[in-house]
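Data block for target15.txt (compact mmCIF, all heavy atoms):
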# COMPACT_ATOMS: atom_id res chain seq x y z
N MET A 1 0.86 -1.18 0.00
CA MET A 1 0.00 0.00 0.00
C MET A 1 0.90 1.24 0.00
O MET A 1 1.81 1.36 0.80
CB MET A 1 -0.91 -0.03 1.23
CG MET A 1 -1.76 1.17 1.34
SD MET A 1 -3.14 1.15 2.52
CE MET A 1 -2.60 0.27 3.92
N SER A 2 0.60 2.15 -0.88
CA SER A 2 1.42 3.35 -0.99
C SER A 2 1.02 4.37 0.07
O SER A 2 -0.01 4.25 0.73
CB SER A 2 1.27 3.96 -2.38
OG SER A 2 -0.01 4.55 -2.53
N SER A 3 1.86 5.36 0.21
CA SER A 3 1.61 6.42 1.19
C SER A 3 0.33 7.19 0.87
O SER A 3 -0.43 7.56 1.76
CB SER A 3 2.81 7.36 1.23
OG SER A 3 2.56 8.43 2.10
N GLY A 4 0.07 7.42 -0.43
CA GLY A 4 -1.13 8.15 -0.84
C GLY A 4 -2.40 7.39 -0.49
O GLY A 4 -3.39 7.98 -0.06
N GLU A 5 -2.38 6.07 -0.69
CA GLU A 5 -3.55 5.25 -0.34
C GLU A 5 -3.79 5.27 1.16
O GLU A 5 -4.93 5.29 1.61
CB GLU A 5 -3.35 3.82 -0.82
CG GLU A 5 -3.40 3.66 -2.32
CD GLU A 5 -3.11 2.22 -2.74
OE1 GLU A 5 -3.05 1.33 -1.86
OE2 GLU A 5 -2.95 2.00 -3.94
N HIS A 6 -2.70 5.23 1.92
CA HIS A 6 -2.83 5.25 3.39
C HIS A 6 -3.45 6.57 3.86
O HIS A 6 -4.33 6.58 4.73
CB HIS A 6 -1.46 5.03 4.03
CG HIS A 6 -1.50 5.03 5.52
ND1 HIS A 6 -2.10 4.03 6.24
CD2 HIS A 6 -1.03 5.92 6.44
CE1 HIS A 6 -2.00 4.29 7.53
NE2 HIS A 6 -1.35 5.44 7.68
N ILE A 7 -3.00 7.67 3.29
CA ILE A 7 -3.54 8.98 3.65
C ILE A 7 -5.02 9.07 3.27
O ILE A 7 -5.84 9.56 4.03
CB ILE A 7 -2.72 10.11 2.99
CG1 ILE A 7 -1.33 10.16 3.61
CG2 ILE A 7 -3.42 11.45 3.12
CD1 ILE A 7 -0.37 11.10 2.92
N LEU A 8 -5.35 8.58 2.07
CA LEU A 8 -6.75 8.62 1.62
C LEU A 8 -7.64 7.80 2.53
O LEU A 8 -8.73 8.25 2.92
CB LEU A 8 -6.85 8.13 0.18
CG LEU A 8 -8.24 8.16 -0.44
CD1 LEU A 8 -8.76 9.59 -0.50
CD2 LEU A 8 -8.23 7.53 -1.81
N ARG A 9 -7.20 6.61 2.91
CA ARG A 9 -8.00 5.77 3.81
C ARG A 9 -8.16 6.44 5.17
O ARG A 9 -9.22 6.37 5.78
CB ARG A 9 -7.35 4.40 3.98
CG ARG A 9 -7.55 3.51 2.79
CD ARG A 9 -7.01 2.15 3.06
NE ARG A 9 -7.19 1.32 1.87
CZ ARG A 9 -7.25 0.02 1.91
NH1 ARG A 9 -7.11 -0.62 3.05
NH2 ARG A 9 -7.42 -0.66 0.80
N SER A 10 -7.11 7.08 5.65
CA SER A 10 -7.20 7.78 6.93
C SER A 10 -8.18 8.94 6.86
O SER A 10 -8.98 9.15 7.78
CB SER A 10 -5.82 8.31 7.35
OG SER A 10 -4.94 7.23 7.57
N LEU A 11 -8.14 9.70 5.77
CA LEU A 11 -9.08 10.81 5.61
C LEU A 11 -10.53 10.31 5.52
O LEU A 11 -11.44 10.93 6.08
CB LEU A 11 -8.73 11.63 4.38
CG LEU A 11 -7.49 12.51 4.50
CD1 LEU A 11 -7.16 13.16 3.16
CD2 LEU A 11 -7.69 13.56 5.56
N ILE A 12 -10.73 9.21 4.81
CA ILE A 12 -12.08 8.64 4.70
C ILE A 12 -12.58 8.22 6.07
O ILE A 12 -13.74 8.46 6.43
CB ILE A 12 -12.10 7.48 3.70
CG1 ILE A 12 -11.91 8.02 2.28
CG2 ILE A 12 -13.39 6.68 3.81
CD1 ILE A 12 -11.73 6.95 1.23
N ARG A 13 -11.71 7.62 6.88
CA ARG A 13 -12.11 7.22 8.24
C ARG A 13 -12.46 8.43 9.09
O ARG A 13 -13.44 8.42 9.83
CB ARG A 13 -10.99 6.43 8.90
CG ARG A 13 -10.89 5.03 8.42
CD ARG A 13 -9.88 4.26 9.23
NE ARG A 13 -9.74 2.92 8.69
CZ ARG A 13 -8.64 2.22 8.70
NH1 ARG A 13 -7.55 2.73 9.24
NH2 ARG A 13 -8.60 1.01 8.19
N ILE A 14 -11.65 9.48 9.00
CA ILE A 14 -11.90 10.68 9.79
C ILE A 14 -13.24 11.31 9.39
O ILE A 14 -14.04 11.68 10.25
CB ILE A 14 -10.74 11.69 9.63
CG1 ILE A 14 -9.50 11.16 10.32
CG2 ILE A 14 -11.13 13.06 10.18
CD1 ILE A 14 -8.25 11.94 10.03
N VAL A 15 -13.50 11.42 8.09
CA VAL A 15 -14.76 11.99 7.61
C VAL A 15 -15.94 11.12 8.05
O VAL A 15 -16.97 11.64 8.49
CB VAL A 15 -14.72 12.18 6.08
CG1 VAL A 15 -16.10 12.53 5.54
CG2 VAL A 15 -13.72 13.25 5.70
N ALA A 16 -15.78 9.81 7.98
CA ALA A 16 -16.85 8.90 8.39
C ALA A 16 -17.14 9.04 9.87
O ALA A 16 -18.31 9.06 10.29
CB ALA A 16 -16.49 7.46 8.05
N ILE A 17 -16.11 9.18 10.69
CA ILE A 17 -16.30 9.34 12.13
C ILE A 17 -16.98 10.68 12.43
O ILE A 17 -17.90 10.75 13.26
CB ILE A 17 -14.96 9.21 12.87
CG1 ILE A 17 -14.47 7.76 12.81
CG2 ILE A 17 -15.05 9.70 14.30
CD1 ILE A 17 -13.05 7.56 13.28
N LEU A 18 -16.56 11.74 11.76
CA LEU A 18 -17.19 13.05 11.97
C LEU A 18 -18.65 13.04 11.55
O LEU A 18 -19.52 13.57 12.27
CB LEU A 18 -16.43 14.13 11.21
CG LEU A 18 -15.05 14.51 11.77
CD1 LEU A 18 -14.35 15.47 10.83
CD2 LEU A 18 -15.18 15.09 13.15
N LEU A 19 -18.95 12.45 10.40
CA LEU A 19 -20.35 12.39 9.95
C LEU A 19 -21.20 11.55 10.89
O LEU A 19 -22.35 11.90 11.17
CB LEU A 19 -20.42 11.84 8.52
CG LEU A 19 -19.93 12.78 7.42
CD1 LEU A 19 -19.97 12.07 6.07
CD2 LEU A 19 -20.75 14.05 7.38
N THR A 20 -20.64 10.46 11.39
CA THR A 20 -21.36 9.63 12.35
C THR A 20 -21.64 10.41 13.62
O THR A 20 -22.74 10.35 14.18
CB THR A 20 -20.56 8.36 12.67
OG1 THR A 20 -20.33 7.63 11.46
CG2 THR A 20 -21.30 7.47 13.65
N GLY A 21 -20.66 11.19 14.08
CA GLY A 21 -20.85 12.01 15.28
C GLY A 21 -21.94 13.05 15.09
O GLY A 21 -22.77 13.26 15.97
N VAL A 22 -21.94 13.71 13.94
CA VAL A 22 -22.97 14.72 13.65
C VAL A 22 -24.35 14.07 13.58
O VAL A 22 -25.32 14.59 14.14
CB VAL A 22 -22.64 15.48 12.34
CG1 VAL A 22 -23.81 16.31 11.87
CG2 VAL A 22 -21.40 16.33 12.52
N LEU A 23 -24.42 12.93 12.92
CA LEU A 23 -25.70 12.22 12.81
C LEU A 23 -26.21 11.80 14.18
O LEU A 23 -27.40 11.98 14.50
CB LEU A 23 -25.56 11.01 11.89
CG LEU A 23 -26.81 10.19 11.65
CD1 LEU A 23 -27.84 11.02 10.91
CD2 LEU A 23 -26.48 8.93 10.89
N LEU A 24 -25.33 11.27 15.02
CA LEU A 24 -25.75 10.85 16.36
C LEU A 24 -26.15 12.05 17.22
O LEU A 24 -27.08 11.96 18.03
CB LEU A 24 -24.63 10.06 17.04
CG LEU A 24 -24.38 8.67 16.46
CD1 LEU A 24 -23.16 8.04 17.11
CD2 LEU A 24 -25.60 7.78 16.62
N PHE A 25 -25.47 13.19 17.04
CA PHE A 25 -25.85 14.40 17.76
C PHE A 25 -27.25 14.85 17.36
O PHE A 25 -28.07 15.21 18.22
CB PHE A 25 -24.83 15.51 17.50
CG PHE A 25 -25.18 16.81 18.15
CD1 PHE A 25 -24.95 16.99 19.49
CD2 PHE A 25 -25.76 17.83 17.42
CE1 PHE A 25 -25.29 18.19 20.11
CE2 PHE A 25 -26.09 19.02 18.01
CZ PHE A 25 -25.85 19.21 19.37
N ILE A 26 -27.53 14.82 16.08
CA ILE A 26 -28.86 15.24 15.59
C ILE A 26 -29.93 14.29 16.11
O ILE A 26 -30.98 14.73 16.60
CB ILE A 26 -28.87 15.32 14.06
CG1 ILE A 26 -28.00 16.49 13.59
CG2 ILE A 26 -30.29 15.46 13.51
CD1 ILE A 26 -27.77 16.53 12.10
N ILE A 27 -29.67 12.99 16.04
CA ILE A 27 -30.65 12.01 16.52
C ILE A 27 -30.87 12.18 18.02
O ILE A 27 -32.00 12.17 18.51
CB ILE A 27 -30.20 10.58 16.18
CG1 ILE A 27 -30.27 10.36 14.67
CG2 ILE A 27 -31.03 9.54 16.92
CD1 ILE A 27 -29.65 9.05 14.20
N GLY A 28 -29.78 12.37 18.77
CA GLY A 28 -29.91 12.58 20.22
C GLY A 28 -30.67 13.85 20.54
O GLY A 28 -31.48 13.88 21.48
N SER A 29 -30.42 14.90 19.78
CA SER A 29 -31.15 16.16 20.00
C SER A 29 -32.63 15.98 19.71
O SER A 29 -33.47 16.51 20.44
CB SER A 29 -30.58 17.25 19.10
OG SER A 29 -29.25 17.52 19.42
N MET A 30 -32.94 15.26 18.66
CA MET A 30 -34.34 15.03 18.31
C MET A 30 -35.03 14.20 19.39
O MET A 30 -36.17 14.50 19.77
CB MET A 30 -34.45 14.33 16.95
CG MET A 30 -34.06 15.23 15.80
SD MET A 30 -34.07 14.38 14.23
CE MET A 30 -35.83 14.33 13.93
N ILE A 31 -34.35 13.19 19.91
CA ILE A 31 -34.94 12.37 20.97
C ILE A 31 -35.13 13.21 22.23
O ILE A 31 -36.18 13.17 22.87
CB ILE A 31 -34.06 11.13 21.24
CG1 ILE A 31 -34.14 10.18 20.06
CG2 ILE A 31 -34.49 10.44 22.53
CD1 ILE A 31 -33.15 9.03 20.13
N GLY A 32 -34.11 13.97 22.60
CA GLY A 32 -34.20 14.79 23.80
C GLY A 32 -35.27 15.86 23.70
O GLY A 32 -36.04 16.07 24.63
N TYR A 33 -35.33 16.53 22.56
CA TYR A 33 -36.31 17.61 22.39
C TYR A 33 -37.72 17.05 22.26
O TYR A 33 -38.67 17.62 22.79
CB TYR A 33 -35.96 18.43 21.15
CG TYR A 33 -36.75 19.70 21.01
CD1 TYR A 33 -36.44 20.82 21.76
CD2 TYR A 33 -37.81 19.78 20.12
CE1 TYR A 33 -37.15 21.99 21.64
CE2 TYR A 33 -38.54 20.95 19.99
CZ TYR A 33 -38.20 22.05 20.75
OH TYR A 33 -38.92 23.20 20.62
N GLY A 34 -37.85 15.92 21.56
CA GLY A 34 -39.18 15.34 21.35
C GLY A 34 -39.70 14.57 22.54
O GLY A 34 -40.83 14.79 22.99
N ALA A 35 -38.90 13.68 23.08
CA ALA A 35 -39.37 12.81 24.16
C ALA A 35 -39.33 13.51 25.51
O ALA A 35 -40.30 13.52 26.25
CB ALA A 35 -38.53 11.54 24.21
N MET A 36 -38.20 14.12 25.82
CA MET A 36 -38.05 14.73 27.14
C MET A 36 -38.61 16.15 27.19
O MET A 36 -39.12 16.58 28.22
CB MET A 36 -36.58 14.73 27.55
CG MET A 36 -36.01 13.33 27.65
SD MET A 36 -34.26 13.33 27.95
CE MET A 36 -34.25 13.69 29.68
N GLY A 37 -38.52 16.85 26.08
CA GLY A 37 -38.99 18.23 26.05
C GLY A 37 -40.45 18.37 25.68
O GLY A 37 -41.03 19.44 25.82
N GLY A 38 -41.03 17.32 25.16
CA GLY A 38 -42.43 17.35 24.81
C GLY A 38 -42.76 18.10 23.54
O GLY A 38 -43.92 18.38 23.27
N GLY A 39 -41.75 18.44 22.76
CA GLY A 39 -42.00 19.17 21.52
C GLY A 39 -41.94 18.27 20.31
O GLY A 39 -41.71 17.07 20.41
N ASN A 40 -42.13 18.86 19.16
CA ASN A 40 -42.01 18.14 17.90
C ASN A 40 -40.52 17.87 17.65
O ASN A 40 -39.73 18.81 17.60
CB ASN A 40 -42.60 18.98 16.77
CG ASN A 40 -42.54 18.30 15.43
OD1 ASN A 40 -41.99 17.22 15.28
ND2 ASN A 40 -43.11 18.95 14.43
N PRO A 41 -40.11 16.61 17.48
CA PRO A 41 -38.69 16.30 17.32
C PRO A 41 -38.05 16.98 16.11
O PRO A 41 -36.85 17.28 16.13
CB PRO A 41 -38.65 14.79 17.15
CG PRO A 41 -39.98 14.27 17.47
CD PRO A 41 -40.93 15.41 17.49
N PHE A 42 -38.81 17.26 15.07
CA PHE A 42 -38.22 17.88 13.88
C PHE A 42 -38.00 19.38 14.05
O PHE A 42 -37.26 19.98 13.29
CB PHE A 42 -39.10 17.59 12.66
CG PHE A 42 -39.08 16.13 12.29
CD1 PHE A 42 -40.14 15.31 12.63
CD2 PHE A 42 -38.00 15.58 11.63
CE1 PHE A 42 -40.12 13.97 12.31
CE2 PHE A 42 -37.96 14.24 11.30
CZ PHE A 42 -39.02 13.43 11.64
N LYS A 43 -38.62 19.98 15.06
CA LYS A 43 -38.41 21.41 15.32
C LYS A 43 -37.00 21.69 15.81
O LYS A 43 -36.54 22.82 15.73
CB LYS A 43 -39.42 21.92 16.34
CG LYS A 43 -40.75 22.27 15.76
CD LYS A 43 -41.58 23.00 16.79
CE LYS A 43 -42.84 23.53 16.16
NZ LYS A 43 -43.62 24.30 17.14
N VAL A 44 -36.32 20.67 16.32
CA VAL A 44 -34.96 20.86 16.82
C VAL A 44 -34.01 21.24 15.69
O VAL A 44 -32.94 21.78 15.93
CB VAL A 44 -34.46 19.62 17.59
CG1 VAL A 44 -34.00 18.54 16.64
CG2 VAL A 44 -33.35 19.99 18.54
N LEU A 45 -34.41 21.02 14.46
CA LEU A 45 -33.58 21.36 13.31
C LEU A 45 -33.73 22.82 12.88
O LEU A 45 -32.98 23.29 12.03
CB LEU A 45 -33.92 20.43 12.14
CG LEU A 45 -33.77 18.93 12.42
CD1 LEU A 45 -34.26 18.13 11.24
CD2 LEU A 45 -32.34 18.58 12.76
N LEU A 46 -34.68 23.54 13.47
CA LEU A 46 -34.92 24.93 13.10
C LEU A 46 -33.92 25.87 13.79
O LEU A 46 -33.60 25.68 14.96
CB LEU A 46 -36.34 25.34 13.48
CG LEU A 46 -37.47 24.59 12.78
CD1 LEU A 46 -38.81 25.00 13.35
CD2 LEU A 46 -37.41 24.82 11.29
N PRO A 47 -33.45 26.89 13.07
CA PRO A 47 -32.49 27.83 13.67
C PRO A 47 -33.03 28.58 14.89
O PRO A 47 -32.28 28.87 15.81
CB PRO A 47 -32.20 28.80 12.53
CG PRO A 47 -32.58 28.11 11.29
CD PRO A 47 -33.66 27.15 11.66
N ASP A 48 -34.32 28.89 14.91
CA ASP A 48 -34.90 29.61 16.04
C ASP A 48 -34.79 28.80 17.34
O ASP A 48 -34.57 29.37 18.40
CB ASP A 48 -36.37 29.94 15.78
CG ASP A 48 -36.54 31.03 14.74
OD1 ASP A 48 -35.57 31.79 14.53
OD2 ASP A 48 -37.62 31.11 14.15
N VAL A 49 -34.95 27.51 17.24
CA VAL A 49 -34.83 26.65 18.42
C VAL A 49 -33.40 26.70 18.95
O VAL A 49 -33.17 26.80 20.16
CB VAL A 49 -35.26 25.20 18.09
CG1 VAL A 49 -34.97 24.27 19.25
CG2 VAL A 49 -36.72 25.16 17.73
N TRP A 50 -32.42 26.67 18.05
CA TRP A 50 -31.01 26.71 18.48
C TRP A 50 -30.65 28.06 19.08
O TRP A 50 -29.86 28.14 20.01
CB TRP A 50 -30.08 26.33 17.34
CG TRP A 50 -30.11 24.84 17.14
CD1 TRP A 50 -30.78 24.17 16.20
CD2 TRP A 50 -29.50 23.88 18.00
NE1 TRP A 50 -30.61 22.82 16.38
CE2 TRP A 50 -29.84 22.62 17.48
CE3 TRP A 50 -28.71 23.95 19.14
CZ2 TRP A 50 -29.39 21.43 18.06
CZ3 TRP A 50 -28.27 22.77 19.72
CH2 TRP A 50 -28.61 21.54 19.18
N ARG A 51 -31.23 29.14 18.55
CA ARG A 51 -31.00 30.45 19.16
C ARG A 51 -31.53 30.47 20.59
O ARG A 51 -30.89 30.99 21.50
CB ARG A 51 -31.67 31.54 18.33
CG ARG A 51 -30.86 31.97 17.17
CD ARG A 51 -31.45 33.21 16.49
NE ARG A 51 -31.18 33.11 15.07
CZ ARG A 51 -32.05 32.78 14.14
NH1 ARG A 51 -33.30 32.59 14.45
NH2 ARG A 51 -31.68 32.68 12.88
N HIS A 52 -32.70 29.88 20.78
CA HIS A 52 -33.29 29.81 22.11
C HIS A 52 -32.43 28.95 23.04
O HIS A 52 -32.22 29.30 24.20
CB HIS A 52 -34.72 29.27 22.01
CG HIS A 52 -35.43 29.20 23.31
ND1 HIS A 52 -35.85 30.33 23.98
CD2 HIS A 52 -35.77 28.15 24.10
CE1 HIS A 52 -36.44 29.97 25.11
NE2 HIS A 52 -36.40 28.65 25.20
N ILE A 53 -31.95 27.83 22.56
CA ILE A 53 -31.10 26.95 23.36
C ILE A 53 -29.80 27.67 23.74
O ILE A 53 -29.34 27.60 24.88
CB ILE A 53 -30.82 25.64 22.61
CG1 ILE A 53 -32.09 24.80 22.50
CG2 ILE A 53 -29.72 24.84 23.30
CD1 ILE A 53 -31.98 23.59 21.60
N LEU A 54 -29.21 28.37 22.79
CA LEU A 54 -27.93 29.06 23.04
C LEU A 54 -28.08 30.24 24.00
O LEU A 54 -27.11 30.64 24.64
CB LEU A 54 -27.30 29.51 21.72
CG LEU A 54 -26.78 28.37 20.85
CD1 LEU A 54 -26.28 28.93 19.51
CD2 LEU A 54 -25.69 27.59 21.55
N GLU A 55 -29.29 30.77 24.13
CA GLU A 55 -29.52 31.84 25.10
C GLU A 55 -29.27 31.34 26.52
O GLU A 55 -28.81 32.08 27.38
CB GLU A 55 -30.94 32.37 24.99
CG GLU A 55 -31.18 33.24 23.79
CD GLU A 55 -32.62 33.68 23.67
OE1 GLU A 55 -33.44 33.35 24.55
OE2 GLU A 55 -32.94 34.35 22.65
N PHE A 56 -29.58 30.07 26.78
CA PHE A 56 -29.35 29.51 28.11
C PHE A 56 -27.87 29.29 28.37
O PHE A 56 -27.43 29.34 29.52
CB PHE A 56 -30.10 28.18 28.26
CG PHE A 56 -31.59 28.35 28.32
CD1 PHE A 56 -32.38 27.96 27.25
CD2 PHE A 56 -32.19 28.90 29.43
CE1 PHE A 56 -33.76 28.12 27.31
CE2 PHE A 56 -33.56 29.07 29.49
CZ PHE A 56 -34.33 28.67 28.42
N VAL A 57 -27.09 29.05 27.34
CA VAL A 57 -25.67 28.79 27.50
C VAL A 57 -24.91 30.09 27.77
O VAL A 57 -23.99 30.12 28.56
CB VAL A 57 -25.10 28.09 26.25
CG1 VAL A 57 -23.61 27.88 26.36
CG2 VAL A 57 -25.81 26.76 26.02
N HIS A 58 -25.33 31.16 27.13
CA HIS A 58 -24.63 32.43 27.29
C HIS A 58 -25.07 33.09 28.52
O HIS A 58 -25.49 33.59 29.20
CB HIS A 58 -24.83 33.34 26.07
CG HIS A 58 -24.05 32.86 24.91
ND1 HIS A 58 -24.65 32.25 23.83
CD2 HIS A 58 -22.74 32.85 24.65
CE1 HIS A 58 -23.74 31.91 22.95
NE2 HIS A 58 -22.56 32.27 23.42

Could I get this file's structure written as C-alpha cells?
Amino acid sequence: MSSGEHILRSLIRIVAILLTGVLLFIIGSMIGYGAMGGGNPFKVLLPDVWRHILEFVH
C-alpha cells in the first residue's frame, strides 16, 4: 500500500467518524427535544430553536 492510499484511507475514516458524530448528535437532539422536552422532534432542526437553546448557554 502506498503512502497516498494510506492517507486517503485515513481521511475517509476521519470523515466517516465526523459524519457519524454529527448524525448521532442530531438524533440525540431530536430524541431529547421530542421525548423529554415534549415538543415536535423535527423542530430541533430549526435555527430559532437553536437560538433559544444558546440563550441559556450564554

Practice task
Have a look at atom CA of A:Ile26 and atom CA of A:Leu45 and let me know their distance in Å, one decimal.
Solution key: 8.1 Å

Completion exercise
Correct to one decimal, the distance atom CA of A:Gly32-atom CG2 of A:Val44 is 7.4 Å

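We find atom CA of A:Ile7 and atom CD2 of A:Phe25 to be spaced 27.6 Å apart.
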
Handout entry: alpha helix (DSSP H) per DSSP on the backbone: members of stretch 5-53 of chain A, as a count of residues only
Key = 34
